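With compact mmCIF, C-alpha atoms inside, this is data.txt:
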# COMPACT_ATOMS: atom_id res chain seq x y z
CA MET A 1 0.00 0.00 0.00
CA ASP A 2 1.72 3.13 1.24
CA ASP A 3 5.43 3.55 1.82
CA LYS A 4 5.09 5.79 4.85
CA LYS A 5 6.70 4.47 8.00
CA LEU A 6 6.00 5.24 11.64
CA ALA A 7 8.45 4.31 14.38
CA ILE A 8 7.46 4.64 18.04
CA ILE A 9 9.69 4.21 21.05
CA ALA A 10 7.55 3.44 24.10
CA THR A 11 9.30 3.96 27.42
CA LYS A 12 6.51 4.35 29.97
CA GLY A 13 4.43 1.74 31.74
CA SER A 14 1.49 3.48 33.37
CA LEU A 15 -2.11 3.39 32.16
CA ASP A 16 -2.11 6.95 30.88
CA TRP A 17 1.10 6.44 28.93
CA ALA A 18 -0.09 3.13 27.47
CA TYR A 19 -2.70 4.71 25.23
CA PRO A 20 -0.68 7.04 23.00
CA PRO A 21 1.62 4.38 21.45
CA PHE A 22 -1.18 1.91 20.74
CA ILE A 23 -3.67 4.49 19.48
CA LEU A 24 -1.15 6.19 17.23
CA ALA A 25 0.16 2.88 15.92
CA SER A 26 -3.25 1.34 15.22
CA THR A 27 -4.52 4.50 13.56
CA ALA A 28 -1.41 4.81 11.43
CA ALA A 29 -1.74 1.18 10.41
CA ALA A 30 -5.38 1.80 9.46
CA LEU A 31 -4.18 4.64 7.28
CA GLY A 32 -1.64 2.47 5.52
CA TYR A 33 1.55 3.20 7.45
CA GLU A 34 4.09 0.50 8.11
CA THR A 35 4.43 0.77 11.87
CA GLN A 36 6.79 -0.58 14.49
CA ILE A 37 6.84 0.06 18.23
CA PHE A 38 10.01 -0.47 20.24
CA PHE A 39 9.19 -1.07 23.91
CA THR A 40 11.98 -0.29 26.30
CA PHE A 41 12.29 0.24 30.06
CA TYR A 42 8.87 0.61 31.59
CA GLY A 43 7.29 0.32 28.15
CA LEU A 44 7.81 -3.42 28.60
CA GLN A 45 4.89 -3.40 31.03
CA LEU A 46 2.64 -2.83 28.00
CA LEU A 47 3.68 -6.16 26.52
CA LYS A 48 2.86 -8.33 29.49
CA LYS A 49 0.28 -11.04 28.93
CA LYS A 50 -1.68 -9.87 31.91
CA LEU A 51 -1.74 -6.10 32.02
CA SER A 52 -1.87 -4.43 35.41
CA LEU A 53 -1.36 -0.81 34.47
CA GLU A 54 -2.07 1.88 36.99
CA VAL A 55 -2.31 5.63 36.99
CA THR A 56 -1.92 8.25 39.70
CA PRO A 57 -2.20 12.02 39.87
CA LEU A 58 0.81 11.94 42.22
CA GLY A 59 3.54 13.64 40.25
CA ASN A 60 1.01 14.27 37.49
CA PRO A 61 -0.35 17.72 38.27
CA GLY A 62 -1.86 17.83 34.79
CA MET A 63 -4.19 14.93 35.43
CA PRO A 64 -7.82 16.01 35.70
CA MET A 65 -9.66 14.72 38.73
CA PRO A 66 -13.36 14.46 39.40
CA MET A 67 -15.21 16.90 41.67
CA GLY A 68 -12.47 19.47 41.11
CA MET A 69 -10.24 17.45 43.41
CA ASP A 70 -7.15 18.65 41.61
CA LYS A 71 -7.86 22.06 43.08
CA TRP A 72 -8.41 21.20 46.72
CA PHE A 73 -7.25 17.66 47.49
CA PRO A 74 -3.86 17.75 49.24
CA VAL A 75 -1.10 16.09 47.24
CA LEU A 76 0.04 14.16 50.31
CA GLY A 77 -3.38 12.54 50.45
CA LEU A 78 -2.58 10.78 47.17
CA THR A 79 0.04 8.70 48.94
CA LEU A 80 -2.53 7.05 51.21
CA PRO A 81 -2.92 3.30 50.77
CA GLY A 82 -5.52 2.46 48.17
CA MET A 83 -5.53 5.87 46.51
CA GLN A 84 -3.63 4.77 43.43
CA GLY A 85 -5.89 1.75 43.00
CA MET A 86 -8.97 3.91 43.37
CA MET A 87 -7.75 6.49 40.87
CA THR A 88 -6.95 3.72 38.40
CA THR A 89 -10.39 2.17 38.80
CA MET A 90 -12.08 5.54 38.31
CA MET A 91 -10.05 6.23 35.20
CA LYS A 92 -10.89 2.83 33.71
CA LYS A 93 -14.57 3.31 34.48
CA LYS A 94 -14.57 6.67 32.77
CA MET A 95 -12.91 5.24 29.69
CA LYS A 96 -15.44 2.45 29.48
CA ALA A 97 -18.34 4.89 29.89
CA LYS A 98 -17.01 7.01 27.04
CA GLY A 99 -16.51 4.10 24.66
CA VAL A 100 -12.72 4.21 24.73
CA ALA A 101 -11.06 0.91 23.93
CA SER A 102 -9.11 -0.93 26.60
CA VAL A 103 -5.33 -1.20 26.24
CA GLU A 104 -5.69 -4.94 25.63
CA GLU A 105 -8.10 -4.31 22.79
CA LEU A 106 -5.88 -1.67 21.22
CA ARG A 107 -2.85 -3.91 21.49
CA GLU A 108 -4.78 -6.73 19.80
CA LEU A 109 -5.91 -4.37 17.03
CA CYS A 110 -2.29 -3.35 16.52
CA GLN A 111 -1.17 -6.93 16.13
CA GLU A 112 -4.06 -7.62 13.77
CA ALA A 113 -3.04 -4.63 11.70
CA GLU A 114 0.46 -6.10 11.56
CA VAL A 115 2.11 -3.45 13.68
CA LYS A 116 5.44 -4.92 14.76
CA LEU A 117 5.85 -4.95 18.52
CA ILE A 118 9.46 -5.18 19.57
CA ALA A 119 10.73 -5.68 23.11
CA CYS A 120 14.10 -4.27 24.06
CA GLN A 121 16.18 -7.34 24.86
CA MET A 122 18.51 -5.37 27.11
CA THR A 123 15.69 -4.17 29.35
CA VAL A 124 14.20 -7.66 29.50
CA ASP A 125 17.53 -8.90 30.82
CA LEU A 126 18.01 -5.89 33.09
CA PHE A 127 14.78 -6.44 34.98
CA ASP A 128 15.14 -10.22 35.01
CA MET A 129 12.02 -10.70 32.93
CA ASP A 130 11.42 -13.63 30.67
CA GLN A 131 9.65 -14.23 27.41
CA THR A 132 6.82 -16.24 28.92
CA GLN A 133 5.56 -13.09 30.66
CA PHE A 134 4.93 -11.35 27.38
CA VAL A 135 2.23 -11.74 24.74
CA ASP A 136 2.87 -13.92 21.74
CA GLY A 137 3.86 -12.56 18.40
CA ILE A 138 6.42 -10.03 19.55
CA GLU A 139 10.08 -9.74 18.58
CA TYR A 140 13.12 -9.14 20.72
CA ALA A 141 15.82 -6.78 19.52
CA GLY A 142 18.23 -4.07 20.49
CA ALA A 143 18.42 -0.38 19.68
CA ALA A 144 20.74 -0.83 16.72
CA ALA A 145 18.35 -3.25 15.07
CA PHE A 146 15.46 -0.86 15.65
CA PHE A 147 17.42 1.98 14.09
CA GLU A 148 17.35 0.13 10.82
CA PHE A 149 13.63 0.80 10.68
CA ALA A 150 13.60 4.07 12.64
CA GLY A 151 16.25 5.56 10.38
CA GLU A 152 13.98 5.07 7.39
CA SER A 153 10.82 6.22 9.10
CA ASP A 154 8.87 9.29 8.11
CA ILE A 155 7.68 9.80 11.64
CA CYS A 156 9.59 8.73 14.74
CA LEU A 157 8.04 9.32 18.13
CA TYR A 158 9.52 9.02 21.60
CA ILE A 159 6.74 8.35 24.10
CA MET B 1 -29.31 7.22 1.50
CA ALA B 2 -27.67 5.51 -1.46
CA GLU B 3 -27.27 1.75 -1.74
CA PHE B 4 -24.68 -0.03 0.35
CA ASP B 5 -23.44 -3.60 0.62
CA GLN B 6 -22.59 -3.73 4.28
CA GLU B 7 -23.31 -1.75 7.38
CA LEU B 8 -21.09 -1.11 10.37
CA ASP B 9 -22.55 0.35 13.54
CA ALA B 10 -19.78 2.12 15.41
CA SER B 11 -22.14 4.03 17.69
CA GLY B 12 -20.77 4.66 21.16
CA LEU B 13 -17.22 3.94 20.02
CA ASN B 14 -14.59 6.62 20.22
CA CYS B 15 -11.40 7.36 18.31
CA PRO B 16 -9.72 5.35 16.90
CA LEU B 17 -12.24 2.49 16.97
CA PRO B 18 -14.59 3.73 14.21
CA ILE B 19 -11.90 3.80 11.54
CA LEU B 20 -10.15 0.69 12.84
CA ARG B 21 -13.40 -1.27 12.66
CA ALA B 22 -14.14 0.21 9.24
CA LYS B 23 -10.73 -0.81 7.97
CA LYS B 24 -11.26 -4.34 9.28
CA THR B 25 -14.69 -4.60 7.65
CA LEU B 26 -13.46 -3.19 4.34
CA THR B 27 -10.68 -5.77 4.22
CA GLY B 28 -13.33 -8.46 4.07
CA MET B 29 -15.22 -6.77 1.23
CA GLU B 30 -14.75 -6.78 -2.52
CA ALA B 31 -13.46 -3.84 -4.54
CA GLY B 32 -16.27 -1.54 -5.55
CA GLN B 33 -18.52 -2.55 -2.66
CA VAL B 34 -19.89 0.15 -0.38
CA LEU B 35 -19.72 0.21 3.40
CA HIS B 36 -22.19 2.26 5.46
CA VAL B 37 -20.77 3.36 8.78
CA VAL B 38 -22.83 4.85 11.60
CA ALA B 39 -20.93 6.65 14.33
CA THR B 40 -21.60 8.95 17.25
CA ASP B 41 -18.03 10.21 17.72
CA PRO B 42 -17.89 13.77 16.30
CA GLY B 43 -14.17 13.28 15.67
CA SER B 44 -15.04 10.56 13.17
CA VAL B 45 -16.03 13.15 10.55
CA LYS B 46 -12.46 14.34 10.12
CA ASP B 47 -11.11 10.84 10.73
CA PHE B 48 -13.06 9.33 7.84
CA ASP B 49 -12.12 12.22 5.60
CA ALA B 50 -8.46 11.55 6.32
CA PHE B 51 -8.97 7.80 6.08
CA ALA B 52 -10.45 8.14 2.61
CA LYS B 53 -7.69 10.49 1.44
CA GLN B 54 -4.88 8.35 2.77
CA THR B 55 -6.14 4.90 1.83
CA GLY B 56 -7.68 5.71 -1.53
CA ASN B 57 -11.10 4.33 -0.53
CA GLU B 58 -13.69 6.81 -1.75
CA LEU B 59 -15.77 8.63 0.83
CA MET B 60 -19.00 8.87 -1.18
CA GLU B 61 -21.06 10.54 1.48
CA SER B 62 -20.58 12.03 4.90
CA LYS B 63 -23.52 13.50 6.75
CA GLU B 64 -25.19 13.95 10.09
CA GLU B 65 -28.65 12.57 10.54
CA GLY B 66 -30.74 11.92 13.64
CA GLY B 67 -27.89 12.83 15.94
CA LYS B 68 -25.53 10.31 14.35
CA PHE B 69 -22.90 10.52 11.65
CA HIS B 70 -23.31 8.47 8.50
CA PHE B 71 -20.53 7.61 6.08
CA LEU B 72 -20.60 5.77 2.78
CA ILE B 73 -17.23 4.36 1.78
CA ARG B 74 -16.53 2.60 -1.47
CA LYS B 75 -13.70 0.11 -1.36
CA ALA B 76 -11.03 0.89 -3.91
This structure in structure tokens:
Amino acid sequence: MDDKKLAIIATKGSLDWAYPPFILASTAAALGYETQIFFTFYGLQLLKKKLSLEVTPLGNPGMPMPMGMDKWFPVLGLTLPGMQGMMTTMMKKKMKAKGVASVEELRELCQEAEVKLIACQMTVDLFDMDQTQFVDGIEYAGAAAFFEFAGESDICLYI
Amino acid sequence: MAEFDQELDASGLNCPLPILRAKKTLTGMEAGQVLHVVATDPGSVKDFDAFAKQTGNELMESKEEGGKFHFLIRKA
């Protein structure tokens, strides 16, 4: 189809950072781009078979909170046990209510659309992870190998 | 509304699901066939415009009716 290439480097592993790489990649693939995502460091969390991604406003002052909480709720309160889990649940509920796909669904759509998902071998070794923890159909490579594709890409994003 | 061969109801789905589902459905159709997509995501108007331009599938019609957006796409 088209010759345009999109390369994405995904380095974050929280729920809010999981969406941009998968949405951009799946959309690009739908538009005819050849797309590859290189998951490194915490980005590897996005490739786990069982996703347990969380999100917290702690350290994320830009994150909107319900009931105007971002204006009056003390930051220290966010460190209380259970807060992170609650925020994550609320975020997921909101996404579902608004018809936003889950990360699992988006990841599946990416693989269906033949987006290449590549895990950084170095990071896998660094954090003592092993291949059985990750979904099937992914490749393992290093930065140099990814540069072969990234160097030719029309768009290269660092997320 | 003109004739169509298949219908895809993407109501309640938000970006990028409408075009992703459309792409999937179109893959299973023959060249020249027309897909009717119904969506509620206002962003889908621009999305389908871009989708048609970039993939070469013709966007025959794009309109709003009864609070929903209707698109007719002919597979190239």
Excluding B:Ile73 and residues on its chain fewer than 3 positions from it, collect all residues at most 9 Å away from it, counting all atoms listed in the file, and give them as a PyMOL selection string. chain B and resi 4+26+33-37+48+52+57-62
For B:Lys24, please output as a ChimeraX atom specification all residues within 9 Å (counting all atoms listed in the file; exclusion window: fewer than 5 positions along the same chain). /A:30,113 /B:19
Per residue of chain A within 8 Å of chain B, note the shortest atom pair and the distance in Å to one decimal, counting all atoms listed in the file, and order the rows by chain and increasing residue number, as a tab-separated table.
residue	atom	partner	partner_atom	distance
A:Ile23	CA	B:Pro16	CA	6.6
A:Ser26	CA	B:Leu20	CA	7.3
A:Thr27	CA	B:Pro16	CA	6.2
A:Ala30	CA	B:Leu20	CA	6.0
A:Leu31	CA	B:Thr55	CA	5.8
A:Gly32	CA	B:Thr55	CA	6.3
A:Lys98	CA	B:Asn14	CA	7.2
A:Gly99	CA	B:Leu13	CA	4.7
A:Val100	CA	B:Asn14	CA	5.4
A:Ala101	CA	B:Leu17	CA	7.2
A:Leu109	CA	B:Leu20	CA	7.8
What does the structure give for the distance between atom CA of A:Thr35 and atom CA of A:Ala145, in Å to one decimal?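 So the answer is 14.8 Å.
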Which of A:Gln111, A:Thr89, A:Thr56, A:Ser14 sits closest to A:Gly77 [using all atoms listed in the file]: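 Using all atoms listed in the file, A:Gly77 sits closest to A:Thr56.
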Proximity to A:Arg107 - best of A:Lys48, A:Lys93, A:Lys71, A:Lys4, only C-alpha atoms: A:Lys48
Rounded to one decimal in Å, what is the spacing between atom CA of A:Ile8 and atom CA of A:Cys156? 5.7 Å
What lies within 9 Å of A:Asp16 using only C-alpha atoms, ignoring chain neighbours under 3 positions off, as a CSV table (one decimal) with C-alpha atoms, in the frame of the given file?
chain,number,residue,atom,x,y,z
A,13,GLY,CA,4.4,1.7,31.7
A,19,TYR,CA,-2.7,4.7,25.2
A,20,PRO,CA,-0.7,7.0,23.0
A,53,LEU,CA,-1.4,-0.8,34.5
A,54,GLU,CA,-2.1,1.9,37.0
A,55,VAL,CA,-2.3,5.6,37.0
A,56,THR,CA,-1.9,8.2,39.7
